[in-house]
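A.B. asks: Here you go, protein.pdb (PDB, C-alpha atoms):
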ATOM      1  CA  MET H   1      10.005  -9.539  24.621  1.00  0.00           C
ATOM      2  CA  SER H   2       6.309  -8.908  24.064  1.00  0.00           C
ATOM      3  CA  TYR H   3       4.685  -6.809  21.341  1.00  0.00           C
ATOM      4  CA  GLU H   4       2.409  -3.821  21.934  1.00  0.00           C
ATOM      5  CA  GLY H   5      -0.287  -2.413  19.715  1.00  0.00           C
ATOM      6  CA  ILE H   6      -3.909  -1.431  19.309  1.00  0.00           C
ATOM      7  CA  ILE H   7      -6.738  -3.531  17.942  1.00  0.00           C
ATOM      8  CA  ILE H   8      -9.936  -1.788  16.884  1.00  0.00           C
ATOM      9  CA  GLU H   9     -12.660  -4.215  17.891  1.00  0.00           C
ATOM     10  CA  GLU H  10     -14.999  -3.070  15.096  1.00  0.00           C
ATOM     11  CA  SER H  11     -12.357  -4.107  12.530  1.00  0.00           C
ATOM     12  CA  LEU H  12     -12.836  -7.755  13.438  1.00  0.00           C
ATOM     13  CA  GLU H  13     -15.395 -10.055  11.920  1.00  0.00           C
ATOM     14  CA  ASN H  14     -14.407 -12.788  14.384  1.00  0.00           C
ATOM     15  CA  ARG H  15     -13.602 -11.305  17.784  1.00  0.00           C
ATOM     16  CA  ASP H  16     -12.550 -14.611  19.365  1.00  0.00           C
ATOM     17  CA  VAL H  17      -8.959 -13.695  18.547  1.00  0.00           C
ATOM     18  CA  LEU H  18      -9.104 -11.081  21.319  1.00  0.00           C
ATOM     19  CA  ASP H  19      -8.943 -13.987  23.757  1.00  0.00           C
ATOM     20  CA  ARG H  20      -5.396 -14.704  22.514  1.00  0.00           C
ATOM     21  CA  VAL H  21      -3.976 -11.306  23.469  1.00  0.00           C
ATOM     22  CA  GLU H  22      -3.671  -9.462  26.748  1.00  0.00           C
ATOM     23  CA  ILE H  23      -5.927  -6.398  26.714  1.00  0.00           C
ATOM     24  CA  VAL H  24      -4.113  -3.762  28.776  1.00  0.00           C
ATOM     25  CA  SER H  25      -6.706  -0.999  28.406  1.00  0.00           C
ATOM     26  CA  THR H  26      -9.727  -0.056  26.325  1.00  0.00           C
ATOM     27  CA  ARG H  27     -11.095   3.261  25.175  1.00  0.00           C
ATOM     28  CA  VAL H  28     -13.962   4.258  22.901  1.00  0.00           C
ATOM     29  CA  GLU H  29     -13.695   7.065  20.350  1.00  0.00           C
ATOM     30  CA  GLU H  30     -16.281   8.660  18.132  1.00  0.00           C
ATOM     31  CA  VAL H  31     -15.581   8.125  14.447  1.00  0.00           C
ATOM     32  CA  THR H  32     -15.095  11.252  12.347  1.00  0.00           C
ATOM     33  CA  ASP H  33     -15.116  11.789   8.579  1.00  0.00           C
ATOM     34  CA  LYS H  34     -11.302  11.768   8.672  1.00  0.00           C
ATOM     35  CA  HIS H  35     -11.338   8.117   9.745  1.00  0.00           C
ATOM     36  CA  LYS H  36     -13.000   7.077   6.452  1.00  0.00           C
ATOM     37  CA  THR H  37     -15.180   4.437   8.151  1.00  0.00           C
ATOM     38  CA  PRO H  38     -18.742   5.764   7.685  1.00  0.00           C
ATOM     39  CA  TRP H  39     -20.344   2.358   8.386  1.00  0.00           C
ATOM     40  CA  ILE H  40     -19.574   2.690  12.122  1.00  0.00           C
ATOM     41  CA  ASP H  41     -20.057   5.539  14.584  1.00  0.00           C
ATOM     42  CA  LYS H  42     -17.485   4.530  17.212  1.00  0.00           C
ATOM     43  CA  TRP H  43     -14.218   2.672  17.594  1.00  0.00           C
ATOM     44  CA  THR H  44     -13.412   0.446  20.549  1.00  0.00           C
ATOM     45  CA  LEU H  45      -9.629   0.595  20.800  1.00  0.00           C
ATOM     46  CA  HIS H  46      -7.938  -2.140  22.800  1.00  0.00           C
ATOM     47  CA  SER H  47      -4.316  -1.546  23.771  1.00  0.00           C
ATOM     48  CA  VAL H  48      -2.857  -5.041  23.704  1.00  0.00           C
ATOM     49  CA  GLU H  49       0.260  -7.035  24.448  1.00  0.00           C
ATOM     50  CA  VAL H  50       1.143 -10.164  22.516  1.00  0.00           C
ATOM     51  CA  SER H  51       3.791 -12.540  23.807  1.00  0.00           C
ATOM     52  CA  GLU H  52       6.678 -13.350  21.513  1.00  0.00           C
ATOM     53  CA  ASP H  53       5.997 -17.098  21.575  1.00  0.00           C
ATOM     54  CA  ILE H  54       2.563 -16.702  19.945  1.00  0.00           C
ATOM     55  CA  VAL H  55       2.988 -13.543  17.876  1.00  0.00           C
ATOM     56  CA  GLU H  56       3.100 -15.329  14.480  1.00  0.00           C
ATOM     57  CA  ARG H  57      -0.047 -17.352  15.228  1.00  0.00           C
ATOM     58  CA  VAL H  58      -1.872 -14.263  16.500  1.00  0.00           C
ATOM     59  CA  ALA H  59      -0.861 -12.278  13.397  1.00  0.00           C
ATOM     60  CA  GLU H  60      -2.161 -15.058  11.160  1.00  0.00           C
ATOM     61  CA  LYS H  61      -5.399 -15.385  13.129  1.00  0.00           C
ATOM     62  CA  LEU H  62      -5.960 -11.630  13.061  1.00  0.00           C
ATOM     63  CA  SER H  63      -5.413 -11.564   9.287  1.00  0.00           C
ATOM     64  CA  GLU H  64      -8.189 -14.138   8.972  1.00  0.00           C
ATOM     65  CA  SER H  65     -10.465 -12.281  11.421  1.00  0.00           C
ATOM     66  CA  ILE H  66     -10.582  -8.818   9.871  1.00  0.00           C
ATOM     67  CA  ASP H  67     -14.030  -7.707   8.702  1.00  0.00           C
ATOM     68  CA  ARG H  68     -14.274  -9.031   5.125  1.00  0.00           C
ATOM     69  CA  GLU H  69     -16.944  -6.565   4.041  1.00  0.00           C
ATOM     70  CA  HIS H  70     -14.612  -3.646   4.764  1.00  0.00           C
ATOM     71  CA  GLY H  71     -11.287  -5.532   4.781  1.00  0.00           C
ATOM     72  CA  ASP H  72      -9.636  -3.058   2.471  1.00  0.00           C
ATOM     73  CA  SER H  73     -10.093  -0.349   5.111  1.00  0.00           C
ATOM     74  CA  TRP H  74      -8.498  -2.006   8.113  1.00  0.00           C
ATOM     75  CA  TYR H  75      -5.112  -3.017   9.389  1.00  0.00           C
ATOM     76  CA  ILE H  76      -3.773  -3.956  12.811  1.00  0.00           C
ATOM     77  CA  ASP H  77      -0.223  -3.518  14.001  1.00  0.00           C
ATOM     78  CA  PHE H  78       1.922  -4.293  16.991  1.00  0.00           C
ATOM     79  CA  LYS H  79       5.630  -4.007  17.622  1.00  0.00           C
ATOM     80  CA  ASN H  80       8.522  -4.362  19.985  1.00  0.00           C
ATOM     81  CA  ASP H  81      12.022  -2.879  19.762  1.00  0.00           C
ATOM     82  CA  MET H  82      13.074  -5.320  17.029  1.00  0.00           C
ATOM     83  CA  PHE H  83      10.064  -6.132  14.842  1.00  0.00           C
ATOM     84  CA  HIS H  84       6.810  -4.589  13.689  1.00  0.00           C
ATOM     85  CA  TYR H  85       3.855  -6.708  12.521  1.00  0.00           C
ATOM     86  CA  ILE H  86       1.391  -4.989  10.192  1.00  0.00           C
ATOM     87  CA  ILE H  87      -1.685  -7.102   9.510  1.00  0.00           C
ATOM     88  CA  PHE H  88      -4.208  -6.773   6.705  1.00  0.00           C
ATOM     89  CA  LEU H  89      -7.017  -9.066   5.633  1.00  0.00           C
ATOM     90  CA  ASN H  90      -5.369 -12.372   4.628  1.00  0.00           C
ATOM     91  CA  LYS H  91      -1.853 -10.901   4.677  1.00  0.00           C
ATOM     92  CA  PHE H  92       0.653  -9.700   7.211  1.00  0.00           C
ATOM     93  CA  PHE H  93       4.125  -8.201   7.128  1.00  0.00           C
ATOM     94  CA  LYS H  94       6.945  -8.587   9.638  1.00  0.00           C
ATOM     95  CA  VAL H  95       9.262  -5.591   9.398  1.00  0.00           C
ATOM     96  CA  ASP H  96      12.731  -5.484  10.920  1.00  0.00           C
ATOM     97  CA  ARG H  97      12.691  -2.085  12.642  1.00  0.00           C
ATOM     98  CA  LEU H  98      16.426  -1.674  11.979  1.00  0.00           C
ATOM     99  CA  LYS H  99      15.612  -1.742   8.246  1.00  0.00           C
ATOM    100  CA  PRO H 100      12.994   1.012   7.798  1.00  0.00           C
ATOM    101  CA  GLU H 101      13.157   0.622   4.014  1.00  0.00           C
ATOM    102  CA  GLN H 102      11.043  -2.532   4.525  1.00  0.00           C
ATOM    103  CA  TYR H 103       8.072  -0.287   5.317  1.00  0.00           C
ATOM    104  CA  GLY H 104       7.875   0.793   1.676  1.00  0.00           C
ATOM    105  CA  GLU H 105       6.242  -2.473   0.584  1.00  0.00           C
ATOM    106  CA  VAL H 106       3.776  -2.280   3.472  1.00  0.00           C
ATOM    107  CA  VAL H 107       2.745   1.285   2.647  1.00  0.00           C
ATOM    108  CA  GLN H 108       2.366   0.468  -1.051  1.00  0.00           C
ATOM    109  CA  TYR H 109       0.203  -2.525  -0.194  1.00  0.00           C
ATOM    110  CA  GLY H 110      -2.021  -0.501   2.151  1.00  0.00           C
ATOM    111  CA  VAL H 111      -2.400   2.407  -0.269  1.00  0.00           C
ATOM    112  CA  GLY H 112      -3.247  -0.138  -2.986  1.00  0.00           C
ATOM    113  CA  LEU H 113      -6.142  -1.251  -0.794  1.00  0.00           C
ATOM    114  CA  GLY H 114      -7.340   2.347  -0.526  1.00  0.00           C
ATOM    115  CA  ILE H 115      -6.102   3.115   2.983  1.00  0.00           C
ATOM    116  CA  PRO H 116      -5.056   6.789   3.176  1.00  0.00           C
ATOM    117  CA  ASP H 117      -1.271   7.078   3.295  1.00  0.00           C
ATOM    118  CA  TYR H 118      -1.337   9.235   6.447  1.00  0.00           C
ATOM    119  CA  GLN H 119      -2.808   6.209   8.253  1.00  0.00           C
ATOM    120  CA  LEU H 120       0.172   4.116   7.127  1.00  0.00           C
ATOM    121  CA  SER H 121       2.921   6.275   8.608  1.00  0.00           C
ATOM    122  CA  PHE H 122       4.854   3.403  10.232  1.00  0.00           C
ATOM    123  CA  ASP H 123       8.279   4.397   8.965  1.00  0.00           C
ATOM    124  CA  PRO H 124      10.013   6.865  11.309  1.00  0.00           C
ATOM    125  CA  ASN H 125      11.299   8.649   8.172  1.00  0.00           C
ATOM    126  CA  TRP H 126       7.836   8.745   6.535  1.00  0.00           C
ATOM    127  CA  GLU H 127       7.366  12.521   6.721  1.00  0.00           C
ATOM    128  CA  LYS H 128      10.864  13.111   5.315  1.00  0.00           C
ATOM    129  CA  ASN H 129      10.410  10.840   2.312  1.00  0.00           C
ATOM    130  CA  PRO H 130       8.447  12.477  -0.536  1.00  0.00           C
ATOM    131  CA  ASP H 131       9.000   9.367  -2.685  1.00  0.00           C
ATOM    132  CA  ARG H 132       7.393   7.055  -0.106  1.00  0.00           C
ATOM    133  CA  LEU H 133       4.790   5.867  -2.587  1.00  0.00           C
TER     134      LEU H 133
END
Using structure tokens, write down the structure that the file contains.
C.D. replies:
Amino acid sequence: MSYEGIIIEESLENRDVLDRVEIVSTRVEEVTDKHKTPWIDKWTLHSVEVSEDIVERVAEKLSESIDREHGDSWYIDFKNDMFHYIIFLNKFFKVDRLKPEQYGEVVQYGVGLGIPDYQLSFDPNWEKNPDRL
């Protein structure tokens, strides 16, 4: 079972890793103040699929490829019905989607980097959980 997600091309320092995933579609969006990325004016969003047999290697490679200058502002994620990979600079998490409590550590880590919590709303119960942080 493959994994699906979105990779923002501008988040990558080394874009060679894009050769390891299947790019299903691409769209470009203008960056707004809400995005909190004032050093760029557009995002190139690649909808991707990652095969299960290489997902761990791709997650590791992506974690090494995120823009180091702004690494505390970026993450990449992809998921299937069973697992969700959330990838930060030099660190990634594999969350069992049947155990949504595992998202708590991911959200805390991302918020600790300075990523706004609304951008880390992975947990399906996120909105219902006032103690999420």
A.B. asks: Select all residues near (-7.7, -0.9, 4.2) (cut-off 6 Å, inclusive, file coordinates), counting only C-alpha atoms, and output them as an MDAnalysis selection string.
C.D. replies: chainID H and resid 71:74 113:115
A.B. asks: Go ahead and compute the interatomic distance for atom CA of H:Glu105 and atom CA of H:Leu62, in Å to one decimal.
C.D. replies: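 The value is 19.7 Å.
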A.B. asks: Excluding same-chain residues fewer than 5 positions from H:Glu56, what lies within 10 Å of it counting all atoms listed in the file, as a list in words?
C.D. replies: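 Close residues of H:Glu56: Val50, Ser51, Lys61, Leu62, Tyr85, Phe92 and Lys94 of chain H.
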A.B. asks: Neighbours of H:Val107 within 8 Å (all atoms listed in the file; same-chain residues fewer than 2 positions away dropped), as a PyMOL selection string?
C.D. replies: chain H and resi 103-105+109-111+117+120-121+132-133
A.B. asks: Please save C-alpha atoms of the selected residues as a compact mmCIF listing (two decimals), in the frame of the given file.
C.D. replies:
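For reference, again.txt as written:
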# COMPACT_ATOMS: atom_id res chain seq x y z
CA TYR H 103 8.07 -0.29 5.32
CA GLY H 104 7.88 0.79 1.68
CA GLU H 105 6.24 -2.47 0.58
CA TYR H 109 0.20 -2.52 -0.19
CA GLY H 110 -2.02 -0.50 2.15
CA VAL H 111 -2.40 2.41 -0.27
CA ASP H 117 -1.27 7.08 3.30
CA LEU H 120 0.17 4.12 7.13
CA SER H 121 2.92 6.28 8.61
CA ARG H 132 7.39 7.06 -0.11
CA LEU H 133 4.79 5.87 -2.59
A.B. asks: I'd like to know which of H:Phe88, H:Tyr3, H:Tyr75, H:Phe93 is closest to H:Val55, using all atoms listed in the file.
C.D. replies: H:Tyr3
A.B. asks: Would you write out, as a short mmCIF file (atom, residue, chain, number, x, y, z; two decimals) with C-alpha atoms, in the coordinates of the input, every residue that the PyMOL selection byres ((chain H and resi 6) around 7) captures in this file?
C.D. replies:
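The resulting file, selection_35.cif, is reproduced below:
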data_model
loop_
_atom_site.label_atom_id
_atom_site.label_comp_id
_atom_site.auth_asym_id
_atom_site.auth_seq_id
_atom_site.Cartn_x
_atom_site.Cartn_y
_atom_site.Cartn_z
CA GLY H 5 -0.29 -2.41 19.72
CA ILE H 7 -6.74 -3.53 17.94
CA ILE H 8 -9.94 -1.79 16.88
CA LEU H 45 -9.63 0.60 20.80
CA HIS H 46 -7.94 -2.14 22.80
CA SER H 47 -4.32 -1.55 23.77
CA VAL H 48 -2.86 -5.04 23.70
CA ILE H 76 -3.77 -3.96 12.81
CA ASP H 77 -0.22 -3.52 14.00
CA PHE H 78 1.92 -4.29 16.99
#
A.B. asks: Using all atoms listed in the file, can you tell me which of H:Ile40, H:Ile54, H:Leu98, H:Val106 comes closest to H:Glu22?
C.D. replies: H:Ile54
A.B. asks: Could you state the separation of atom CA of H:Phe83 and atom CA of H:Glu101 in Å, given to one decimal place?
C.D. replies: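 Taking atom CA of H:Phe83 and atom CA of H:Glu101, their separation equals 13.1 Å.
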A.B. asks: Nearest to H:Ile23 among H:Glu64, H:Glu49, H:Glu4, H:Asp41, with distances taken over all atoms listed in the file: which residue is it?
C.D. replies: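 Among the listed residues, the smallest separation from H:Ile23 belongs to H:Glu49.
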A.B. asks: Work out how far atom CA of H:Arg97 is from atom CA of H:Asp67, in Å to one decimal.
C.D. replies: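 We find that atom CA of H:Asp67 and atom CA of H:Arg97 lie 27.6 Å from each other.
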A.B. asks: So that all listed atoms of stretch 41-47 of chain H fit with 8 Å spare on each side, what axis-aligned box centre and edge lengths in Å, to one decimal, would you give as lines of an AutoDock Vina configuration file?
C.D. replies:
center_x = -12.2
center_y = 1.7
center_z = 19.2
size_x = 31.7
size_y = 23.7
size_z = 25.2
A.B. asks: Restricting the calculation to only C-alpha atoms: of H:Val28, H:Val95, H:Leu18, H:Leu12, which residue gets closest to H:Asp81?
C.D. replies: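 Ranked by minimum distance to H:Asp81, first place goes to H:Val95.
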A.B. asks: Can you tell me which residues surround H:Val58 at a distance of at most 9 Å, considering all atoms listed in the file, apart from same-chain residues fewer than 6 positions away, and format the answer as a list in words?
C.D. replies: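 Using all atoms listed in the file, the neighbours found are Val17, Arg20, Val21 and Val50 of chain H.
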